[in-house]
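The file input-v1.tsv contains TSV, C-alpha atoms:
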chain	number	residue	atom	x	y	z
Z	1008	MET	CA	-34.77	29.79	2.89
Z	1009	ALA	CA	-31.24	29.36	4.29
Z	1010	LEU	CA	-30.66	33.10	4.19
Z	1011	ARG	CA	-33.97	33.66	5.99
Z	1012	ARG	CA	-32.94	31.27	8.78
Z	1013	LEU	CA	-29.55	32.99	9.04
Z	1014	HIS	CA	-31.22	36.38	9.30
Z	1015	SER	CA	-33.62	35.22	12.01
Z	1016	ALA	CA	-30.68	33.85	14.03
Z	1017	SER	CA	-28.69	37.10	13.76
Z	1018	PRO	CA	-27.34	38.47	17.08
Z	1019	ALA	CA	-29.03	41.77	16.19
Z	1020	ARG	CA	-32.38	40.05	16.77
Z	1021	ARG	CA	-31.46	39.41	20.41
Z	1022	LEU	CA	-30.50	43.00	21.16
Z	1023	PRO	CA	-32.87	45.48	22.81
Z	1024	ARG	CA	-33.97	48.55	20.90
Z	1025	PHE	CA	-31.14	51.11	20.74
Z	1026	PRO	CA	-32.15	53.35	23.66
Z	1027	TRP	CA	-31.41	56.73	22.13
Z	1028	ASP	CA	-33.94	56.09	19.35
Z	1029	ARG	CA	-36.67	56.65	21.94
Z	1030	MET	CA	-35.49	60.23	22.48
Z	1031	ALA	CA	-36.49	61.42	19.00
Z	1032	PRO	CA	-39.87	63.02	19.91
Z	1033	TYR	CA	-38.35	64.79	22.92
Z	1034	GLN	CA	-35.45	66.01	20.79
Z	1035	GLU	CA	-37.98	67.55	18.39
Z	1036	ARG	CA	-39.83	69.11	21.32
Z	1037	ALA	CA	-36.65	70.63	22.75
Z	1038	ALA	CA	-35.46	71.83	19.34
Z	1039	ALA	CA	-38.74	73.75	18.94
Z	1040	HIS	CA	-37.82	76.03	21.86
Z	1041	PRO	CA	-37.33	79.63	20.70
Z	1042	GLY	CA	-33.76	79.60	21.97
Z	1043	GLY	CA	-32.96	76.25	20.40
Z	1044	MET	CA	-32.00	73.03	22.15
Z	1045	VAL	CA	-29.43	72.52	24.89
Z	1046	ASP	CA	-28.43	68.88	24.59
Z	1047	LEU	CA	-27.36	67.37	27.93
Z	1048	THR	CA	-27.85	63.72	26.96
Z	1049	VAL	CA	-24.82	61.96	25.49
Z	1050	GLY	CA	-21.54	62.46	27.35
Z	1051	ALA	CA	-19.57	63.45	24.25
Z	1052	PRO	CA	-16.76	66.01	24.71
Z	1053	VAL	CA	-17.26	69.43	23.12
Z	1054	ASP	CA	-13.97	71.13	23.97
Z	1055	GLU	CA	-10.94	71.19	21.68
Z	1056	VAL	CA	-8.43	68.38	21.42
Z	1057	PRO	CA	-5.19	69.79	22.90
Z	1058	GLU	CA	-2.70	71.04	20.31
Z	1059	SER	CA	0.10	68.75	21.45
Z	1060	ILE	CA	-2.08	65.68	20.91
Z	1061	ARG	CA	-3.25	66.84	17.48
Z	1062	GLN	CA	0.36	67.48	16.46
Z	1063	ALA	CA	1.38	63.99	17.55
Z	1064	LEU	CA	-1.43	62.60	15.38
Z	1065	ILE	CA	-0.33	64.68	12.39
Z	1066	ASP	CA	3.33	63.75	12.78
Z	1067	ALA	CA	2.41	60.04	12.73
Z	1068	SER	CA	-0.10	60.24	9.88
Z	1069	ALA	CA	2.29	59.33	7.04
Z	1070	ARG	CA	2.91	55.75	8.19
Z	1071	PRO	CA	1.40	53.38	5.57
Z	1072	GLY	CA	1.79	50.01	7.31
Z	1073	TYR	CA	-0.33	48.12	9.80
Z	1074	PRO	CA	-0.11	48.95	13.51
Z	1075	THR	CA	0.25	46.18	16.07
Z	1076	VAL	CA	-2.47	45.29	18.55
Z	1077	ALA	CA	-0.14	45.79	21.52
Z	1078	GLY	CA	1.35	48.99	20.12
Z	1079	PRO	CA	4.98	50.11	20.39
Z	1080	ALA	CA	6.99	49.89	23.60
Z	1081	ALA	CA	6.56	53.64	24.12
Z	1082	LEU	CA	2.77	53.23	24.28
Z	1083	GLY	CA	3.02	50.53	26.92
Z	1084	GLU	CA	5.40	52.69	28.92
Z	1085	ALA	CA	3.03	55.67	28.71
Z	1086	MET	CA	0.05	53.60	29.87
Z	1087	ARG	CA	2.00	52.08	32.76
Z	1088	SER	CA	3.39	55.42	33.86
Z	1089	TRP	CA	-0.08	57.01	33.86
Z	1090	LEU	CA	-1.58	54.09	35.77
Z	1091	HIS	CA	1.20	54.20	38.36
Z	1092	ARG	CA	0.68	57.94	38.90
Z	1093	HIS	CA	-3.10	57.70	39.22
Z	1094	THR	CA	-3.70	54.32	40.85
Z	1095	GLY	CA	-0.45	53.44	42.62
Z	1096	VAL	CA	-0.18	50.13	40.73
Z	1097	ALA	CA	3.30	48.76	40.08
Z	1098	GLU	CA	4.99	50.16	36.97
Z	1099	ASP	CA	5.29	46.71	35.38
Z	1100	VAL	CA	1.50	46.21	35.22
Z	1101	ALA	CA	0.25	44.37	32.12
Z	1102	VAL	CA	-1.56	46.70	29.69
Z	1103	LEU	CA	-3.42	46.45	26.40
Z	1104	PRO	CA	-4.69	49.28	24.14
Z	1105	THR	CA	-8.30	49.02	23.00
Z	1106	VAL	CA	-10.33	50.68	20.24
Z	1107	GLY	CA	-12.20	52.85	22.70
Z	1108	SER	CA	-13.74	51.35	25.83
Z	1109	LYS	CA	-17.21	50.59	24.43
Z	1110	GLU	CA	-15.94	47.86	22.09
Z	1111	LEU	CA	-14.04	46.37	25.01
Z	1112	VAL	CA	-17.15	46.25	27.20
Z	1113	ALA	CA	-19.21	44.73	24.38
Z	1114	ASN	CA	-16.58	42.13	23.45
Z	1115	LEU	CA	-14.95	41.17	26.75
Z	1116	PRO	CA	-17.32	38.32	27.73
Z	1117	LEU	CA	-16.90	36.64	24.35
Z	1118	GLN	CA	-13.14	37.19	24.33
Z	1119	LEU	CA	-12.89	35.65	27.80
Z	1120	GLY	CA	-14.61	32.53	26.47
Z	1121	ILE	CA	-17.87	33.06	28.34
Z	1122	GLY	CA	-20.88	31.50	26.64
Z	1123	PRO	CA	-24.28	29.83	26.95
Z	1124	GLY	CA	-25.16	28.57	30.42
Z	1125	GLU	CA	-22.80	31.06	32.06
Z	1126	ALA	CA	-23.52	34.54	33.38
Z	1127	VAL	CA	-22.20	38.09	33.34
Z	1128	ALA	CA	-23.14	40.28	36.31
Z	1129	TYR	CA	-23.27	44.06	36.05
Z	1130	PRO	CA	-24.74	46.97	38.05
Z	1131	GLU	CA	-28.53	47.23	38.00
Z	1132	ILE	CA	-28.23	50.95	37.20
Z	1133	ALA	CA	-25.56	51.06	34.52
Z	1134	TYR	CA	-24.22	51.86	31.10
Z	1135	PRO	CA	-26.29	49.63	28.76
Z	1136	THR	CA	-23.32	48.00	26.99
Z	1137	TYR	CA	-22.56	45.63	29.89
Z	1138	GLU	CA	-25.81	43.84	29.09
Z	1139	ILE	CA	-25.04	43.90	25.36
Z	1140	GLY	CA	-21.71	42.13	25.97
Z	1141	ALA	CA	-23.48	39.28	27.74
Z	1142	ILE	CA	-26.10	39.01	24.99
Z	1143	LEU	CA	-23.46	38.87	22.23
Z	1144	ALA	CA	-21.70	36.06	24.09
Z	1145	LYS	CA	-25.07	34.24	24.47
Z	1146	ALA	CA	-24.56	34.29	28.23
Z	1147	ASP	CA	-27.09	35.27	30.89
Z	1148	ALA	CA	-27.13	38.99	31.67
Z	1149	VAL	CA	-27.60	39.47	35.43
Z	1150	PRO	CA	-28.19	43.03	36.71
Z	1151	VAL	CA	-27.50	43.26	40.44
Z	1152	ALA	CA	-27.12	45.86	43.16
Z	1153	ASP	CA	-23.90	44.11	44.25
Z	1154	PRO	CA	-21.92	41.49	42.29
Z	1155	ARG	CA	-22.15	39.16	45.27
Z	1156	ASP	CA	-25.92	39.03	44.72
Z	1157	ALA	CA	-25.20	36.96	41.59
Z	1158	ALA	CA	-23.86	34.02	43.61
Z	1159	GLY	CA	-25.20	30.73	42.30
Z	1160	SER	CA	-25.92	32.04	38.78
Z	1161	ARG	CA	-22.80	30.52	37.20
Z	1162	VAL	CA	-21.38	34.04	36.94
Z	1163	ARG	CA	-17.90	34.09	35.39
Z	1164	LEU	CA	-17.47	37.83	34.85
Z	1165	ALA	CA	-18.65	40.63	37.13
Z	1166	TRP	CA	-18.52	44.24	36.00
Z	1167	ILE	CA	-18.24	47.06	38.47
Z	1168	ASN	CA	-18.18	50.75	37.55
Z	1169	TYR	CA	-16.75	53.36	39.88
Z	1170	PRO	CA	-17.17	56.28	39.47
Z	1171	THR	CA	-20.53	55.09	38.22
Z	1172	ASN	CA	-22.25	56.11	35.02
Z	1173	PRO	CA	-24.91	57.46	35.44
Z	1174	THR	CA	-25.14	57.96	39.21
Z	1175	GLY	CA	-21.64	59.28	39.98
Z	1176	GLU	CA	-21.13	57.01	42.99
Z	1177	VAL	CA	-17.66	56.01	44.19
Z	1178	ALA	CA	-16.52	52.98	46.17
Z	1179	SER	CA	-14.31	52.89	49.24
Z	1180	VAL	CA	-11.10	50.90	49.55
Z	1181	GLU	CA	-12.86	48.59	52.01
Z	1182	HIS	CA	-15.76	47.89	49.65
Z	1183	LEU	CA	-13.44	47.12	46.75
Z	1184	ARG	CA	-11.31	44.85	48.95
Z	1185	ASP	CA	-14.41	42.87	49.85
Z	1186	LEU	CA	-15.36	42.51	46.19
Z	1187	VAL	CA	-11.87	41.35	45.25
Z	1188	ARG	CA	-11.94	38.75	48.02
Z	1189	TRP	CA	-15.35	37.50	46.91
Z	1190	ALA	CA	-14.35	37.32	43.23
Z	1191	ARG	CA	-11.23	35.30	43.98
Z	1192	ASP	CA	-13.03	32.94	46.31
Z	1193	SER	CA	-15.71	32.45	43.63
Z	1194	GLY	CA	-13.40	32.12	40.62
Z	1195	VAL	CA	-14.95	35.19	38.98
Z	1196	VAL	CA	-13.12	37.72	36.81
Z	1197	LEU	CA	-13.76	41.16	38.30
Z	1198	ALA	CA	-13.68	43.89	35.65
Z	1199	SER	CA	-13.75	47.51	36.76
Z	1200	ASP	CA	-14.81	50.25	34.36
Z	1201	GLU	CA	-12.84	53.26	35.60
Z	1202	CYS	CA	-13.27	55.73	32.75
Z	1203	TYR	CA	-14.15	58.56	35.16
Z	1204	LEU	CA	-11.47	57.84	37.76
Z	1205	THR	CA	-9.81	61.27	37.61
Z	1206	LEU	CA	-13.10	63.18	37.81
Z	1207	GLY	CA	-13.90	63.03	41.52
Z	1208	TRP	CA	-15.51	66.10	43.11
Z	1209	ASP	CA	-15.42	65.13	46.80
Z	1210	ASP	CA	-11.93	65.40	48.27
Z	1211	GLU	CA	-12.96	63.39	51.32
Z	1212	ASN	CA	-14.29	60.51	49.21
Z	1213	PRO	CA	-12.10	60.28	46.10
Z	1214	PRO	CA	-12.46	57.56	43.44
Z	1215	VAL	CA	-10.33	54.45	44.00
Z	1216	SER	CA	-9.06	52.04	41.37
Z	1217	ILE	CA	-9.27	48.27	41.64
Z	1218	LEU	CA	-5.56	48.35	40.69
Z	1219	ASP	CA	-4.69	50.24	43.87
Z	1220	PRO	CA	-2.43	48.10	46.10
Z	1221	ARG	CA	-4.59	49.07	49.07
Z	1222	VAL	CA	-7.39	47.15	47.34
Z	1223	ASN	CA	-5.53	44.08	46.06
Z	1224	ASP	CA	-2.33	43.88	48.19
Z	1225	GLY	CA	-0.28	44.02	45.00
Z	1226	ASP	CA	-1.89	40.89	43.50
Z	1227	LEU	CA	-3.83	41.53	40.26
Z	1228	THR	CA	-4.97	37.93	39.72
Z	1229	GLY	CA	-8.46	37.89	38.24
Z	1230	LEU	CA	-8.66	41.69	38.03
Z	1231	LEU	CA	-9.08	43.94	34.99
Z	1232	ALA	CA	-9.47	47.72	34.86
Z	1233	ALA	CA	-10.64	49.72	31.82
Z	1234	HIS	CA	-9.55	53.31	31.24
Z	1235	SER	CA	-10.32	55.82	28.50
Z	1236	LEU	CA	-9.00	59.07	27.07
Z	1237	SER	CA	-12.39	60.12	25.71
Z	1238	LYS	CA	-13.32	62.29	28.68
Z	1239	ARG	CA	-9.89	63.11	30.16
Z	1240	SER	CA	-8.39	64.39	26.91
Z	1241	ASN	CA	-11.45	65.04	24.69
Z	1242	LEU	CA	-10.47	62.09	22.50
Z	1243	ALA	CA	-13.83	60.36	22.03
Z	1244	GLY	CA	-13.36	60.69	18.28
Z	1245	TYR	CA	-9.93	59.04	18.44
Z	1246	ARG	CA	-11.25	55.83	20.05
Z	1247	SER	CA	-8.36	55.47	22.45
Z	1248	ALA	CA	-8.61	53.43	25.64
Z	1249	PHE	CA	-6.72	50.69	27.43
Z	1250	LEU	CA	-7.07	47.71	29.74
Z	1251	ALA	CA	-4.77	46.76	32.62
Z	1252	GLY	CA	-4.53	44.04	35.24
Z	1253	ASP	CA	-3.99	40.29	35.49
Z	1254	PRO	CA	-1.01	39.49	33.19
Z	1255	ALA	CA	-2.38	36.06	32.25
Z	1256	LEU	CA	-5.75	37.48	31.24
Z	1257	ILE	CA	-4.12	40.36	29.36
Z	1258	ALA	CA	-1.90	37.90	27.46
Z	1259	ASP	CA	-4.90	35.79	26.46
Z	1260	LEU	CA	-6.85	38.84	25.35
Z	1261	LEU	CA	-3.89	40.11	23.35
Z	1262	GLU	CA	-3.68	36.84	21.44
Z	1263	ILE	CA	-7.41	36.81	20.70
Z	1264	ARG	CA	-7.39	40.44	19.63
Z	1265	ARG	CA	-4.37	39.87	17.37
Z	1266	HIS	CA	-6.29	37.18	15.52
Z	1267	SER	CA	-9.39	39.40	15.37
Z	1268	GLY	CA	-7.64	42.58	14.22
Z	1269	PHE	CA	-8.58	44.90	17.09
Z	1270	MET	CA	-5.89	47.46	16.27
Z	1271	VAL	CA	-5.77	51.06	17.44
Z	1272	PRO	CA	-4.54	53.06	14.41
Z	1273	TRP	CA	-0.84	53.94	14.51
Z	1274	ALA	CA	-1.41	57.69	14.53
Z	1275	VAL	CA	-3.89	57.35	17.40
Z	1276	GLN	CA	-1.33	55.28	19.33
Z	1277	GLN	CA	1.16	58.12	18.98
Z	1278	ALA	CA	-1.43	60.70	20.00
Z	1279	THR	CA	-2.23	58.54	23.04
Z	1280	ILE	CA	1.40	58.57	24.11
Z	1281	ALA	CA	1.41	62.36	23.97
Z	1282	ALA	CA	-1.88	62.59	25.89
Z	1283	LEU	CA	-0.83	60.25	28.70
Z	1284	HIS	CA	2.46	62.06	29.31
Z	1285	ASP	CA	0.75	65.46	29.54
Z	1286	GLU	CA	-1.19	66.19	32.72
Z	1287	SER	CA	-1.59	69.94	32.22
Z	1288	HIS	CA	-4.36	69.70	29.63
Z	1289	ALA	CA	-6.25	67.15	31.76
Z	1290	ILE	CA	-6.09	69.47	34.77
Z	1291	GLU	CA	-7.47	72.33	32.67
Z	1292	GLN	CA	-10.28	70.16	31.32
Z	1293	ARG	CA	-11.17	68.94	34.77
Z	1294	ALA	CA	-11.48	72.57	35.92
Z	1295	ARG	CA	-13.89	73.28	33.05
Z	1296	TYR	CA	-16.11	70.40	34.11
Z	1297	GLU	CA	-15.97	71.41	37.75
Z	1298	HIS	CA	-17.18	74.92	36.87
Z	1299	ARG	CA	-19.97	73.59	34.65
Z	1300	ARG	CA	-21.03	71.19	37.36
Z	1301	SER	CA	-21.29	74.00	39.90
Z	1302	VAL	CA	-23.43	76.16	37.60
Z	1303	LEU	CA	-25.75	73.38	36.46
Z	1304	ARG	CA	-26.15	71.73	39.85
Z	1305	GLY	CA	-27.13	74.98	41.50
Z	1306	ALA	CA	-29.74	75.67	38.84
Z	1307	VAL	CA	-31.16	72.16	38.86
Z	1308	GLU	CA	-31.53	72.11	42.64
Z	1309	ALA	CA	-33.06	75.61	42.64
Z	1310	ALA	CA	-35.64	74.32	40.13
Z	1311	GLY	CA	-36.83	71.74	42.67
Z	1312	PHE	CA	-34.82	68.70	41.65
Z	1313	ARG	CA	-32.96	66.43	44.05
Z	1314	ILE	CA	-29.45	65.39	43.01
Z	1315	ASP	CA	-28.53	61.90	44.18
Z	1316	HIS	CA	-24.90	60.74	44.51
Z	1317	SER	CA	-23.09	62.56	41.63
Z	1318	THR	CA	-19.88	62.94	43.64
Z	1319	ALA	CA	-17.75	62.00	40.62
Z	1320	GLY	CA	-17.94	61.74	36.86
Z	1321	LEU	CA	-19.59	63.97	34.27
Z	1322	TYR	CA	-23.28	63.67	35.11
Z	1323	LEU	CA	-25.95	64.84	37.51
Z	1324	TRP	CA	-28.36	62.08	38.55
Z	1325	ALA	CA	-31.49	64.12	39.15
Z	1326	THR	CA	-35.11	63.46	40.11
Z	1327	ARG	CA	-38.36	65.33	40.63
Z	1328	GLY	CA	-39.94	62.27	42.23
Z	1329	GLU	CA	-41.85	61.34	39.09
Z	1330	ASP	CA	-41.56	59.03	36.10
Z	1331	CYS	CA	-38.41	59.87	34.17
Z	1332	TRP	CA	-40.27	60.47	30.90
Z	1333	ASP	CA	-42.41	63.11	32.57
Z	1334	THR	CA	-39.21	64.85	33.66
Z	1335	VAL	CA	-37.70	64.51	30.18
Z	1336	ARG	CA	-40.83	66.16	28.75
Z	1337	TRP	CA	-40.76	68.96	31.37
Z	1338	LEU	CA	-37.15	69.74	30.51
Z	1339	ALA	CA	-37.79	69.47	26.74
Z	1340	ASP	CA	-40.49	72.15	27.07
Z	1341	ARG	CA	-37.66	74.41	28.26
Z	1342	GLY	CA	-35.42	73.39	25.38
Z	1343	ILE	CA	-33.26	71.09	27.53
Z	1344	LEU	CA	-32.72	67.50	26.48
Z	1345	ALA	CA	-31.86	65.03	29.26
Z	1346	ALA	CA	-31.35	61.27	29.17
Z	1347	ALA	CA	-34.13	59.17	30.67
Z	1348	GLY	CA	-32.93	57.22	33.68
Z	1349	GLU	CA	-34.77	54.16	32.39
Z	1350	PHE	CA	-32.02	53.76	29.79
Z	1351	TYR	CA	-29.73	52.64	32.62
Z	1352	GLY	CA	-32.03	50.04	34.12
Z	1353	ALA	CA	-35.48	49.77	35.66
Z	1354	LYS	CA	-34.20	51.17	38.97
Z	1355	GLY	CA	-33.43	54.44	37.19
Z	1356	SER	CA	-37.00	55.04	36.08
Z	1357	ARG	CA	-37.53	58.10	38.32
Z	1358	HIS	CA	-34.31	59.90	37.45
Z	1359	VAL	CA	-32.76	61.70	34.50
Z	1360	ARG	CA	-29.09	62.05	33.64
Z	1361	LEU	CA	-27.79	65.52	32.84
Z	1362	SER	CA	-24.37	65.66	31.21
Z	1363	LEU	CA	-21.71	68.28	31.90
Z	1364	THR	CA	-20.30	67.80	28.39
Z	1365	ALA	CA	-21.71	70.98	26.93
Z	1366	THR	CA	-20.07	74.35	26.37
Z	1367	ASP	CA	-19.98	77.00	29.08
Z	1368	GLU	CA	-22.50	78.99	27.04
Z	1369	ALA	CA	-24.89	76.03	26.78
Z	1370	ILE	CA	-24.63	75.24	30.50
Z	1371	ASN	CA	-25.30	78.89	31.38
Z	1372	ASP	CA	-28.24	78.93	28.98
Z	1373	ALA	CA	-29.71	75.80	30.56
Z	1374	ALA	CA	-29.30	77.33	34.02
Z	1375	GLN	CA	-31.18	80.45	32.95
Z	1376	ARG	CA	-34.03	78.40	31.47
Z	1377	LEU	CA	-34.42	76.51	34.72
Z	1378	LYS	CA	-34.99	79.66	36.73

Re-express the file's structure as structure tokens.
Amino acid sequence: MALRRLHSASPARRLPRFPWDRMAPYQERAAAHPGGMVDLTVGAPVDEVPESIRQALIDASARPGYPTVAGPAALGEAMRSWLHRHTGVAEDVAVLPTVGSKELVANLPLQLGIGPGEAVAYPEIAYPTYEIGAILAKADAVPVADPRDAAGSRVRLAWINYPTNPTGEVASVEHLRDLVRWARDSGVVLASDECYLTLGWDDENPPVSILDPRVNDGDLTGLLAAHSLSKRSNLAGYRSAFLAGDPALIADLLEIRRHSGFMVPWAVQQATIAALHDESHAIEQRARYEHRRSVLRGAVEAAGFRIDHSTAGLYLWATRGEDCWDTVRWLADRGILAAAGEFYGAKGSRHVRLSLTATDEAINDAAQRLK
């Protein structure tokens, strides 16, 4: 009886159905196409891990002892140097490696001490794990068009995501400044998921980090920014990411994560150092995605779709003006698998997300099928 009560109280019982499970029948439909399936759903890299990064991993693979949660000094220096180059933040910014960015998103509310009776705000069209983090902390999950819409809900943490997954929107310096001012006036931690920061496609409207001094006047109080090497360096399988921002918050999170054992493996830490110091491979990868985006976008628009936003990141946010599942079925009949917009919130129910993380051959194949 006690075990039955424990099982019924399990956090897993509070979680929504894993969204990708709903794609199974459409995956079968797409796979039945004579040319096979072109999978444009999950944003998982398909290109090779650069040789220099793999060699760094190999060279570090013989170490038998435990890594540290904070990592060696060289890792901190590499993270700070990269952040300074790409966001303009001061080179002494507080940083913390994480075991990929998804575990960070899912665990941050709990690790910040947020709990029942408090709230976590996140974008109403968003990566589903923001909601999961609130649920695991037993806090209220509040999807909003703007974090400021959550005023009065006892919100303690507000997530923002620019460039946005799935819509590819970016935020201006002025908009981010307003959000920072609101968060500080309200006593809210403002966490910015910036995993796609270096993948902007509009030179006149580039992505901006919450760490940028133009946004925060050099004061990082109450601010956190999450970054990842999964897309930039094709390291999704390495689970390498990092957090930066408010030194007091970073120190608290470090202590909690030390007790909890959230350690990036030593060899991955060394590979991360190599990746962050090398910009050439990231520039080459960015060019691959830019080419794929041009090919796929042209074909999708020629097939009668409208592309909304999508000025940054690795996705096309597309619509035919119908229910997203009808569009998923239409594409599956052509052997193309797309993610239903409903996965990202009710407001996405008339869109699909098409990922650029497929080979050149697959993108070209999809473009031909859309003609």

Test item: residues at most 9 Å from Val1187 (chain Z), all atoms listed in the file, excluding those fewer than 3 positions along its chain, as JSON, numbers by chain: {"Z": [1182, 1183, 1184, 1190, 1191, 1192, 1197, 1217, 1222, 1223, 1229, 1230]}

Within 8 Å of region 1268-1275 of chain Z, counting all atoms listed in the file, which residues show up once you throw out same-chain ones fewer than 3 positions away? Write them as a ChimeraX atom specification, please. /Z:1063-1068,1070,1073-1078,1104-1106,1245-1247,1264-1265,1278-1279

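Coordinates place CA of Asp1200 (chain Z) at a distance of 16.3 Å from CA of Ala1101 (chain Z).
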
Interatomic distance, CA of Pro1173 (chain Z) to CA of Arg1300 (chain Z) (Å, one decimal):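 CA of Pro1173 (chain Z) sits 14.4 Å away from CA of Arg1300 (chain Z).
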
What separation in Å, quoted to one decimal, exists between CA of Asp1209 (chain Z) and CA of Lys1238 (chain Z)?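 These two atoms are separated by 18.5 Å.
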